[in-house]
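K.L.:
This is the structure, below, for whatever I ask next.
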Amino acid sequence: MQTALADFIRDTPEGREADAILRKCVHCGFCTATCPTYLLLGDENDGPRGRIYLMKQALEGQEITDKTRLHLDRCLTCRACETTCPSGVQYGRLLDIGRKLVEEKTARPAWERVKRRALAAVLPRRFLFAALLALGRLARPFLPERLAEKVPASTPAAGAWPAPRHARKMLALAGCVQPALSPGINAAAARVLDRIGISLLEAKGAGCCGALRFHIGYQKEGLADMRALIDRWWPMIERGGVEAIVMTASGCGVVVKEYAHLLRHDPAYAGKAEKISAMTRDISEVIDAEHARLEPLPVKKGGRSAFHPPCTLQHGQNVKGVTERVLARAGFEMTPVPDSHLCCGSAGTYSIQQPELSGQLRRNKLSALASGAPEEILSANIGCLAHLQSGTGLPVRHWIVALEERLS
Ligand code: SF4
Ligand code: SF4
């Protein structure tokens with residue numbers, strides 16, 4: 001694609017990156033076939049190729065309108081287009097640049113600004129989120145249905161966290177939303193890794209990975225969250241003999257794996273970010289690599305399960321088929337799921353900001369997941385788990401919790 005970026009951005013790092021990405025796109029449109037919003041709305045501007053065009057126009061200095069912002073807002077950042085693209089267009093990175101520009105050059109209605117500010121203030125703060133969740137539970141009977149469905153009735157107990165006893169150590173992200181909604185996920189991962197011979201540790205005070213604020217128009221604040229997390233982790237990485245960072249939420253994993261890129265221009269953090277990204281693994285990658293230590297354990301057979309691979313795992317991290325392999329080895333009977341490349345509609349705060357589209361995507365996803373008559377749904381990201389659970393009576397759990405239950 002020919003480009004002529006405007007003076008205000010051409011010679012900036014963002015301008016150079018956007019230009020290189022745009023030039024790779026050959027307009028073939030293969031990506032539209034796997035774009036969930038294009039499939040629902042049938043509008044070229046609600047597909048990747050149209051959005052790339054809109055961002056190109058914005059970067060070339062043409063007027064940026066509310067319509068431009070609407071089409072970018074409707075994008076799930078699922079990055080299905082990226083794994084489909086034969087030319088290697090890094091759509092996700094272009095979108096980060098495009099969204100920042102659109103945010104700067106347009107004014108959102110007051111209610112939207114308030115909503116975004118509230119989400120950016122509450123979600124990354126674990127204790128604030130936990131307190132609001134507790135309040136939400138008390139108020140649940142009086143809330144409108146759409147809001148009530150977002151408040152889970154209870155939080156399952158975490159269970160014991162094994163005391164560190166192994167020479168091999170890995171670090172887990174305590175996180176922000178996950179400990180309040182499902183504290184058992186990291187605890188289950190710790191128990192499985194303990195059986196393998198690895199002690200899983202959490203750094204005290206380590207909170208949000210930065211993804212939440214970075215992706216809702218607060219990039220500067222999101223980058224600050226990333227630096228704060230690096231500061232918490234760094235002493236354990238430098239002196240603690242930690243061999244890897246294990247992610248049990250693929251939405252956080254995809255961002256931490258990109259710290260090296262996102263902080264590359266920050267001389268104080270670039271080196272640390274590079275090391276942290278290189279050390280980061282999804283929990284499925286860790287268990288898969290260590291499977292020989294797990295396989296001799298007695299495994300209970302159980303019912304049928306359907307797996308939903310989050311977009312942040314299969315498209316964002318390009319980790320495909322690994323969890324499915326781990327579960328199959330452990331004796332899980334997996335049911336077939338059509339269109340497993342499509343997003344469930346959770347997508348960070350998308351379900352709050354685009355409820356209609358998100359609701360339709362969830363209905364489609366749940367119907368695909370239920371088509372093989374499973375007894376439970378498994379996934380790998382807290383956002384997807386909560387979103388799917390609020391639309392079905394089937395139990396929805398993190399796969400590591402289900403695996404740990406079978407091993408126990
Ligand atoms: S598949 Fe890739 S090259 Fe083709 S239109 Fe989409 S982004 Fe551009
Ligand atoms: S990230 Fe997902 S929703 Fe956005 S354009 Fe790509 S495929 Fe479509």
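Here, A, B, ... name the chains of the structure tokens in the order displayed, residue numbers run from 1 inside each chain, and ligands are numbered from 1 in the same displayed order.
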Within 10 Å of ligand 1, counting only C-alpha atoms and all ligand atoms, which protein or nucleic acid residues do you find, written as a ChimeraX atom specification?

P.N.:
/A:1,21-35,47-53,81-91

K.L.:
Can you write out the residues you just picked, keeping N, CA, C and O atoms, as a compact mmCIF listing (two decimals), in the first residue's frame?

P.N.:
# COMPACT_ATOMS: atom_id res chain seq x y z
N MET A 1 0.84 -1.18 0.00
CA MET A 1 0.00 0.00 0.00
C MET A 1 0.89 1.25 0.00
O MET A 1 1.84 1.32 0.78
N ILE A 21 3.96 -0.85 8.71
CA ILE A 21 2.85 -1.82 8.77
C ILE A 21 1.91 -1.60 7.59
O ILE A 21 1.52 -2.54 6.89
N LEU A 22 1.54 -0.33 7.35
CA LEU A 22 0.60 -0.02 6.26
C LEU A 22 1.14 -0.49 4.92
O LEU A 22 0.41 -1.01 4.07
N ARG A 23 2.44 -0.33 4.72
CA ARG A 23 3.03 -0.68 3.43
C ARG A 23 3.00 -2.18 3.14
O ARG A 23 3.11 -2.61 1.99
N LYS A 24 2.84 -2.97 4.20
CA LYS A 24 2.75 -4.43 4.00
C LYS A 24 1.38 -4.87 3.49
O LYS A 24 1.23 -5.95 2.94
N CYS A 25 0.36 -4.06 3.74
CA CYS A 25 -1.00 -4.48 3.38
C CYS A 25 -1.21 -4.35 1.87
O CYS A 25 -0.95 -3.30 1.29
N VAL A 26 -1.71 -5.44 1.27
CA VAL A 26 -1.91 -5.44 -0.19
C VAL A 26 -3.41 -5.44 -0.56
O VAL A 26 -3.77 -5.78 -1.67
N HIS A 27 -4.24 -5.09 0.39
CA HIS A 27 -5.71 -4.97 0.20
C HIS A 27 -6.38 -6.28 -0.21
O HIS A 27 -7.45 -6.25 -0.80
N CYS A 28 -5.76 -7.41 0.03
CA CYS A 28 -6.33 -8.64 -0.51
C CYS A 28 -7.69 -8.98 0.13
O CYS A 28 -8.53 -9.62 -0.49
N GLY A 29 -7.89 -8.57 1.38
CA GLY A 29 -9.18 -8.79 2.04
C GLY A 29 -9.36 -10.18 2.62
O GLY A 29 -10.45 -10.51 3.09
N PHE A 30 -8.31 -11.01 2.61
CA PHE A 30 -8.44 -12.34 3.24
C PHE A 30 -8.89 -12.21 4.69
O PHE A 30 -9.62 -13.03 5.22
N CYS A 31 -8.42 -11.14 5.34
CA CYS A 31 -8.68 -10.95 6.78
C CYS A 31 -10.15 -10.72 7.08
O CYS A 31 -10.61 -11.04 8.18
N THR A 32 -10.90 -10.21 6.13
CA THR A 32 -12.31 -9.92 6.42
C THR A 32 -13.08 -11.21 6.74
O THR A 32 -14.03 -11.19 7.51
N ALA A 33 -12.65 -12.31 6.15
CA ALA A 33 -13.38 -13.57 6.34
C ALA A 33 -13.33 -14.09 7.77
O ALA A 33 -14.17 -14.87 8.18
N THR A 34 -12.32 -13.65 8.54
CA THR A 34 -12.22 -14.16 9.92
C THR A 34 -12.48 -13.06 10.95
O THR A 34 -12.24 -13.26 12.14
N CYS A 35 -12.96 -11.92 10.49
CA CYS A 35 -13.21 -10.80 11.43
C CYS A 35 -14.62 -10.92 12.01
O CYS A 35 -15.61 -10.84 11.28
N GLY A 47 -14.50 -4.15 9.34
CA GLY A 47 -13.56 -5.25 9.11
C GLY A 47 -12.15 -4.69 9.12
O GLY A 47 -11.95 -3.47 9.07
N PRO A 48 -11.14 -5.56 9.17
CA PRO A 48 -9.76 -5.07 9.29
C PRO A 48 -9.30 -4.21 8.11
O PRO A 48 -8.67 -3.17 8.31
N ARG A 49 -9.64 -4.62 6.89
CA ARG A 49 -9.15 -3.85 5.75
C ARG A 49 -9.73 -2.43 5.77
O ARG A 49 -9.00 -1.45 5.55
N GLY A 50 -11.01 -2.31 6.09
CA GLY A 50 -11.63 -0.98 6.17
C GLY A 50 -11.03 -0.17 7.30
O GLY A 50 -10.78 1.04 7.15
N ARG A 51 -10.79 -0.82 8.42
CA ARG A 51 -10.21 -0.08 9.56
C ARG A 51 -8.78 0.36 9.25
O ARG A 51 -8.36 1.45 9.65
N ILE A 52 -8.06 -0.48 8.53
CA ILE A 52 -6.70 -0.09 8.14
C ILE A 52 -6.76 1.16 7.26
O ILE A 52 -5.99 2.10 7.43
N TYR A 53 -7.73 1.20 6.37
CA TYR A 53 -7.92 2.37 5.51
C TYR A 53 -8.23 3.62 6.33
O TYR A 53 -7.69 4.70 6.11
N CYS A 81 -7.55 -11.24 12.48
CA CYS A 81 -7.10 -10.78 11.16
C CYS A 81 -5.59 -10.96 11.01
O CYS A 81 -5.10 -11.24 9.91
N GLU A 82 -4.88 -10.81 12.11
CA GLU A 82 -3.41 -10.91 12.06
C GLU A 82 -2.95 -12.32 11.73
O GLU A 82 -2.04 -12.52 10.94
N THR A 83 -3.62 -13.30 12.35
CA THR A 83 -3.19 -14.69 12.10
C THR A 83 -3.71 -15.19 10.75
O THR A 83 -3.31 -16.24 10.28
N THR A 84 -4.62 -14.43 10.14
CA THR A 84 -5.12 -14.81 8.81
C THR A 84 -4.28 -14.16 7.70
O THR A 84 -4.16 -14.70 6.61
N CYS A 85 -3.71 -13.01 8.00
CA CYS A 85 -3.07 -12.19 6.96
C CYS A 85 -1.82 -12.87 6.37
O CYS A 85 -0.88 -13.18 7.09
N PRO A 86 -1.80 -13.09 5.04
CA PRO A 86 -0.62 -13.73 4.43
C PRO A 86 0.57 -12.79 4.32
O PRO A 86 1.69 -13.23 4.07
N SER A 87 0.35 -11.47 4.50
CA SER A 87 1.44 -10.51 4.34
C SER A 87 2.08 -10.09 5.65
O SER A 87 2.96 -9.22 5.66
N GLY A 88 1.62 -10.65 6.75
CA GLY A 88 2.23 -10.33 8.05
C GLY A 88 1.93 -8.93 8.54
O GLY A 88 2.76 -8.33 9.23
N VAL A 89 0.75 -8.40 8.21
CA VAL A 89 0.38 -7.06 8.70
C VAL A 89 0.10 -7.14 10.21
O VAL A 89 -0.75 -7.92 10.64
N GLN A 90 0.83 -6.33 10.97
CA GLN A 90 0.64 -6.35 12.43
C GLN A 90 -0.47 -5.38 12.81
O GLN A 90 -0.24 -4.25 13.27
N TYR A 91 -1.67 -5.85 12.59
CA TYR A 91 -2.85 -5.00 12.78
C TYR A 91 -2.95 -4.48 14.21
O TYR A 91 -3.30 -3.31 14.43

K.L.:
Set the distance at 10 Å and use only C-alpha atoms: which residues neighbour Glu243 of chain A once local chain neighbours fewer than 2 positions away are removed? I'd like the list as a compact mmCIF listing (two decimals) with all heavy atoms, in the first residue's frame.

P.N.:
# COMPACT_ATOMS: atom_id res chain seq x y z
N ARG A 168 13.55 -25.35 41.68
CA ARG A 168 13.02 -24.65 40.49
C ARG A 168 11.88 -23.73 40.93
O ARG A 168 10.96 -24.16 41.63
CB ARG A 168 12.51 -25.66 39.46
CG ARG A 168 13.61 -26.49 38.83
CD ARG A 168 13.03 -27.39 37.75
NE ARG A 168 12.57 -26.64 36.59
CZ ARG A 168 11.83 -27.17 35.62
NH1 ARG A 168 11.46 -28.44 35.67
NH2 ARG A 168 11.47 -26.43 34.59
N LYS A 169 11.95 -22.48 40.46
CA LYS A 169 10.92 -21.50 40.86
C LYS A 169 10.41 -20.75 39.63
O LYS A 169 11.19 -20.44 38.72
CB LYS A 169 11.50 -20.46 41.82
CG LYS A 169 11.94 -21.01 43.16
CD LYS A 169 12.30 -19.83 44.07
CE LYS A 169 13.16 -20.27 45.23
NZ LYS A 169 14.57 -20.51 44.87
N MET A 170 9.13 -20.48 39.64
CA MET A 170 8.55 -19.61 38.61
C MET A 170 7.69 -18.56 39.29
O MET A 170 7.27 -18.74 40.44
CB MET A 170 7.71 -20.43 37.62
CG MET A 170 8.55 -21.38 36.77
SD MET A 170 7.59 -22.20 35.50
CE MET A 170 8.86 -23.26 34.75
N LEU A 171 7.45 -17.50 38.54
CA LEU A 171 6.74 -16.35 39.10
C LEU A 171 5.38 -16.25 38.41
O LEU A 171 5.28 -16.37 37.19
CB LEU A 171 7.58 -15.10 38.81
CG LEU A 171 7.20 -13.77 39.40
CD1 LEU A 171 7.06 -13.84 40.90
CD2 LEU A 171 8.27 -12.74 39.03
N ILE A 198 8.10 -27.70 40.65
CA ILE A 198 8.35 -26.26 40.48
C ILE A 198 7.53 -25.50 41.53
O ILE A 198 6.32 -25.74 41.66
CB ILE A 198 7.94 -25.78 39.07
CG1 ILE A 198 8.76 -26.50 38.00
CG2 ILE A 198 8.08 -24.27 38.94
CD1 ILE A 198 8.21 -26.34 36.59
N ILE A 237 13.38 -11.45 39.98
CA ILE A 237 14.00 -11.95 38.74
C ILE A 237 15.52 -11.86 38.85
O ILE A 237 16.24 -12.78 38.48
CB ILE A 237 13.47 -11.13 37.53
CG1 ILE A 237 11.99 -11.48 37.31
CG2 ILE A 237 14.27 -11.41 36.27
CD1 ILE A 237 11.28 -10.53 36.38
N GLY A 240 16.14 -13.75 42.70
CA GLY A 240 15.34 -14.85 43.25
C GLY A 240 15.46 -16.17 42.52
O GLY A 240 14.83 -17.15 42.90
N GLY A 241 16.23 -16.23 41.45
CA GLY A 241 16.40 -17.50 40.74
C GLY A 241 15.14 -17.98 40.05
O GLY A 241 14.91 -19.18 39.90
N ILE A 245 8.20 -16.61 33.94
CA ILE A 245 7.00 -15.94 34.45
C ILE A 245 5.81 -16.66 33.83
O ILE A 245 5.73 -16.79 32.60
CB ILE A 245 7.02 -14.45 34.09
CG1 ILE A 245 8.24 -13.77 34.74
CG2 ILE A 245 5.74 -13.77 34.56
CD1 ILE A 245 8.48 -12.35 34.28
N VAL A 246 4.93 -17.13 34.68
CA VAL A 246 3.82 -17.97 34.21
C VAL A 246 2.54 -17.16 34.21
O VAL A 246 2.18 -16.55 35.22
CB VAL A 246 3.62 -19.18 35.16
CG1 VAL A 246 2.54 -20.11 34.61
CG2 VAL A 246 4.92 -19.93 35.34
N MET A 279 10.99 -14.12 29.23
CA MET A 279 10.78 -15.15 30.26
C MET A 279 9.32 -15.58 30.39
O MET A 279 9.01 -16.50 31.14
CB MET A 279 11.18 -14.59 31.64
CG MET A 279 12.64 -14.40 31.86
SD MET A 279 12.90 -13.58 33.46
CE MET A 279 12.59 -14.94 34.59
N THR A 280 8.42 -14.87 29.71
CA THR A 280 6.99 -15.08 29.95
C THR A 280 6.42 -16.24 29.13
O THR A 280 6.66 -16.33 27.93
CB THR A 280 6.22 -13.77 29.66
OG1 THR A 280 6.73 -12.75 30.53
CG2 THR A 280 4.74 -13.92 29.91

K.L.:
Extract, using only C-alpha atoms, all DNA, RNA and protein residues at most 9 Å from segment 136-143 of chain A, discarding same-chain residues fewer than 6 positions from it, and format them as a compact mmCIF listing (two decimals) with N, CA and C atoms, in the first residue's frame.

P.N.:
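File produced: out02.txt:
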# COMPACT_ATOMS: atom_id res chain seq x y z
N GLU A 149 -26.01 -9.70 35.49
CA GLU A 149 -25.35 -10.89 34.92
C GLU A 149 -23.82 -10.77 34.98
N VAL A 151 -22.22 -9.71 37.57
CA VAL A 151 -21.78 -9.89 38.96
C VAL A 151 -21.96 -11.35 39.35
N PRO A 152 -20.88 -12.12 39.40
CA PRO A 152 -21.05 -13.53 39.77
C PRO A 152 -21.57 -13.65 41.20
N ALA A 153 -22.44 -14.66 41.41
CA ALA A 153 -23.11 -14.79 42.71
C ALA A 153 -22.11 -15.06 43.83
N SER A 154 -21.04 -15.78 43.54
CA SER A 154 -20.07 -16.09 44.61
C SER A 154 -18.69 -16.28 44.01

K.L.:
Find the residue from A:Val177, A:Leu403, A:Ala330, A:Leu357 that sits nearest to ligand 2; use only C-alpha atoms and all ligand atoms when measuring.

P.N.:
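Smallest separation from ligand 2 among the options: A:Leu357.
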
K.L.:
Please provide the set of residues having any atom within 9 Å of Thr106 of chain A, restricted to only C-alpha atoms, with same-chain residues fewer than 5 positions apart removed, written as a PDB file with C-alpha atoms, in the first residue's frame.

P.N.:
ATOM      1  CA  ILE A  64     -10.866  12.174  11.868  1.00  0.00           C
ATOM      2  CA  THR A  65     -14.563  11.939  12.600  1.00  0.00           C
ATOM      3  CA  ASP A  66     -16.763  10.296  15.209  1.00  0.00           C
ATOM      4  CA  ARG A  69     -13.783   6.384  16.174  1.00  0.00           C
ATOM      5  CA  LEU A 101      -4.449   9.345  17.490  1.00  0.00           C
TER       6      LEU A 101
END

K.L.:
Near Ala120 of chain A, within 12 Å and counting only C-alpha atoms, which residues show up once chain neighbours fewer than 3 positions away are dropped, as a PyMOL selection string?

P.N.:
chain A and resi 113-117+123-125+128-129+176+208+210-222+225+348-349

K.L.:
Take the selection from the previous step and output its residues with C-alpha atoms, as an mmCIF file, in the first residue's frame.

P.N.:
data_model
loop_
_atom_site.group_PDB
_atom_site.id
_atom_site.type_symbol
_atom_site.label_atom_id
_atom_site.label_comp_id
_atom_site.auth_asym_id
_atom_site.auth_seq_id
_atom_site.Cartn_x
_atom_site.Cartn_y
_atom_site.Cartn_z
ATOM 1 C CA ARG A 113 -15.753 9.709 29.015
ATOM 2 C CA VAL A 114 -17.114 9.149 32.519
ATOM 3 C CA LYS A 115 -17.622 5.424 31.863
ATOM 4 C CA ARG A 116 -14.107 4.979 30.506
ATOM 5 C CA ARG A 117 -12.586 6.965 33.330
ATOM 6 C CA LEU A 123 -10.557 -2.362 37.210
ATOM 7 C CA PRO A 124 -6.760 -2.217 37.637
ATOM 8 C CA ARG A 125 -7.016 -1.678 41.410
ATOM 9 C CA LEU A 128 -11.178 -1.369 44.894
ATOM 10 C CA PHE A 129 -12.510 -3.875 42.373
ATOM 11 C CA CYS A 176 -6.091 -7.233 39.405
ATOM 12 C CA CYS A 208 -2.322 -4.980 36.920
ATOM 13 C CA GLY A 210 -1.284 -2.506 32.243
ATOM 14 C CA ALA A 211 -3.508 -4.015 29.554
ATOM 15 C CA LEU A 212 -6.767 -2.628 30.925
ATOM 16 C CA ARG A 213 -5.826 1.045 30.868
ATOM 17 C CA PHE A 214 -3.615 0.788 27.795
ATOM 18 C CA HIS A 215 -6.499 -0.532 25.698
ATOM 19 C CA ILE A 216 -9.222 1.918 26.748
ATOM 20 C CA GLY A 217 -7.553 5.131 25.745
ATOM 21 C CA TYR A 218 -5.201 5.568 28.716
ATOM 22 C CA GLN A 219 -1.961 4.434 27.112
ATOM 23 C CA LYS A 220 0.258 6.601 29.321
ATOM 24 C CA GLU A 221 -1.363 5.218 32.467
ATOM 25 C CA GLY A 222 -1.194 1.670 31.073
ATOM 26 C CA ASP A 225 1.160 0.154 35.295
ATOM 27 C CA GLY A 348 -11.324 -6.649 27.907
ATOM 28 C CA THR A 349 -13.968 -4.005 28.568
#

K.L.:
Based on the backbone DSSP call, show me all residues of segment 59-176 of chain A assigned strand (DSSP E or B), as a list in words.

P.N.:
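Here are the strand (DSSP E or B) residues of segment 59-176 of chain A: Arg168, Lys169, Met170, Leu171 and Ala172 of chain A.
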
K.L.:
Identify all residues of segment 154-354 of chain A in alpha helix (DSSP H) (DSSP on the backbone) and supply them as a PyMOL selection string.

P.N.:
chain A and resi 178-181+184-196+211-214+219-239+250-256+259-262+270-279+283-289+291-294+311+322-329+350-353

K.L.:
List as a ChimeraX atom specification the protein and nucleic acid residues near Glu274 of chain A, meaning an atom at most 10 Å away when only C-alpha atoms are counted, but skip any in the same chain fewer than 2 places from it.

P.N.:
/A:256-264,269-272,276-279

K.L.:
The selected residues should be written to file as an mmCIF file, in the first residue's frame (atoms: C-alpha atoms).

P.N.:
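Dumped everything to part25.cif:
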data_model
loop_
_atom_site.group_PDB
_atom_site.id
_atom_site.type_symbol
_atom_site.label_atom_id
_atom_site.label_comp_id
_atom_site.auth_asym_id
_atom_site.auth_seq_id
_atom_site.Cartn_x
_atom_site.Cartn_y
_atom_site.Cartn_z
ATOM 1 C CA VAL A 256 3.559 -8.919 29.137
ATOM 2 C CA LYS A 257 5.038 -10.732 26.126
ATOM 3 C CA GLU A 258 4.868 -7.347 24.359
ATOM 4 C CA TYR A 259 6.515 -5.301 27.134
ATOM 5 C CA ALA A 260 9.778 -5.432 25.170
ATOM 6 C CA HIS A 261 8.107 -3.685 22.257
ATOM 7 C CA LEU A 262 5.932 -1.293 24.253
ATOM 8 C CA LEU A 263 8.806 -0.036 26.438
ATOM 9 C CA ARG A 264 11.573 -0.181 23.824
ATOM 10 C CA TYR A 269 12.974 -0.019 31.380
ATOM 11 C CA ALA A 270 13.770 -1.329 27.886
ATOM 12 C CA GLY A 271 16.329 -3.922 29.059
ATOM 13 C CA LYS A 272 14.177 -5.175 31.933
ATOM 14 C CA ILE A 276 10.596 -10.127 31.211
ATOM 15 C CA SER A 277 8.943 -10.652 27.823
ATOM 16 C CA ALA A 278 11.457 -13.356 26.954
ATOM 17 C CA MET A 279 10.776 -15.149 30.265
#

K.L.:
Ranking A:Lys275, A:His315, A:Arg304, A:Arg363 by minimum distance to ligand 2 and counting only C-alpha atoms and all ligand atoms, which one comes first?

P.N.:
A:His315

K.L.:
Closest to Leu361 of chain A among A:Pro374, A:Glu405, A:Asp46, A:Cys344, using only C-alpha atoms?

P.N.:
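Residue with the minimum atom-to-atom distance to Leu361 of chain A: A:Cys344.
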
K.L.:
May I ask for the distance between atom CA of Val337 of chain A and atom CA of Glu285 of chain A, given in Å to one decimal place?

P.N.:
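Going from atom CA of Val337 of chain A over to atom CA of Glu285 of chain A covers 21.5 Å.
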
K.L.:
So that I can check the surroundings of Leu369 of chain A, please list as a list in words every protein, DNA and RNA residue that reaches within 9 Å of it, counting only C-alpha atoms and ignoring chain neighbours fewer than 4 positions away.

P.N.:
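Here the qualifying residues turn out to be Ala306, Phe307, His308, Thr335, Pro336, Val337, Pro338, Ser340, Asn364, Lys365, Ala373, Pro374 and Ile377 of chain A.
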
K.L.:
Hey, can you spit out that residue selection with N, CA and C atoms as an mmCIF file, in the first residue's frame?

P.N.:
data_model
loop_
_atom_site.group_PDB
_atom_site.id
_atom_site.type_symbol
_atom_site.label_atom_id
_atom_site.label_comp_id
_atom_site.auth_asym_id
_atom_site.auth_seq_id
_atom_site.Cartn_x
_atom_site.Cartn_y
_atom_site.Cartn_z
ATOM 1 N N ALA A 306 -15.692 -28.820 26.609
ATOM 2 C CA ALA A 306 -15.448 -28.018 25.399
ATOM 3 C C ALA A 306 -14.441 -26.936 25.764
ATOM 4 N N PHE A 307 -13.471 -26.702 24.903
ATOM 5 C CA PHE A 307 -12.450 -25.691 25.195
ATOM 6 C C PHE A 307 -12.624 -24.480 24.285
ATOM 7 N N HIS A 308 -12.602 -23.305 24.906
ATOM 8 C CA HIS A 308 -12.610 -22.044 24.140
ATOM 9 C C HIS A 308 -11.219 -21.428 24.225
ATOM 10 N N THR A 335 -14.899 -32.082 23.305
ATOM 11 C CA THR A 335 -15.936 -32.081 22.268
ATOM 12 C C THR A 335 -15.515 -31.132 21.132
ATOM 13 N N PRO A 336 -15.958 -31.404 19.906
ATOM 14 C CA PRO A 336 -15.594 -30.494 18.805
ATOM 15 C C PRO A 336 -16.308 -29.145 18.944
ATOM 16 N N VAL A 337 -15.598 -28.080 18.569
ATOM 17 C CA VAL A 337 -16.185 -26.727 18.660
ATOM 18 C C VAL A 337 -15.973 -26.025 17.319
ATOM 19 N N PRO A 338 -17.065 -25.794 16.555
ATOM 20 C CA PRO A 338 -16.884 -25.089 15.279
ATOM 21 C C PRO A 338 -16.472 -23.623 15.485
ATOM 22 N N SER A 340 -13.756 -22.109 16.184
ATOM 23 C CA SER A 340 -13.071 -21.821 17.451
ATOM 24 C C SER A 340 -12.114 -20.640 17.320
ATOM 25 N N ASN A 364 -23.410 -16.646 19.928
ATOM 26 C CA ASN A 364 -22.856 -17.501 18.874
ATOM 27 C C ASN A 364 -21.810 -18.466 19.442
ATOM 28 N N LYS A 365 -20.940 -17.917 20.314
ATOM 29 C CA LYS A 365 -19.859 -18.750 20.870
ATOM 30 C C LYS A 365 -20.426 -19.858 21.750
ATOM 31 N N ALA A 373 -22.372 -31.145 22.994
ATOM 32 C CA ALA A 373 -22.979 -31.589 24.254
ATOM 33 C C ALA A 373 -21.950 -31.816 25.368
ATOM 34 N N PRO A 374 -21.140 -30.800 25.685
ATOM 35 C CA PRO A 374 -20.186 -30.956 26.797
ATOM 36 C C PRO A 374 -20.885 -30.809 28.150
ATOM 37 N N ILE A 377 -17.463 -26.078 30.194
ATOM 38 C CA ILE A 377 -16.681 -25.283 29.240
ATOM 39 C C ILE A 377 -15.387 -24.873 29.937
#

K.L.:
In Å to one decimal, how far is atom CA of Ala249 of chain A from atom CA of Asp282 of chain A?

P.N.:
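According to the coordinates, atom CA of Asp282 of chain A and atom CA of Ala249 of chain A are separated by 7.9 Å.
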
K.L.:
Go through A:Ile230, A:Leu72, A:Ile287, A:Ala268 one by one, measure the shortest atom-to-atom distance of each to ligand 2 using only C-alpha atoms and all ligand atoms, and give the residue with the smallest value.

P.N.:
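When distances to ligand 2 are compared using only C-alpha atoms and all ligand atoms, the smallest one comes from A:Leu72.
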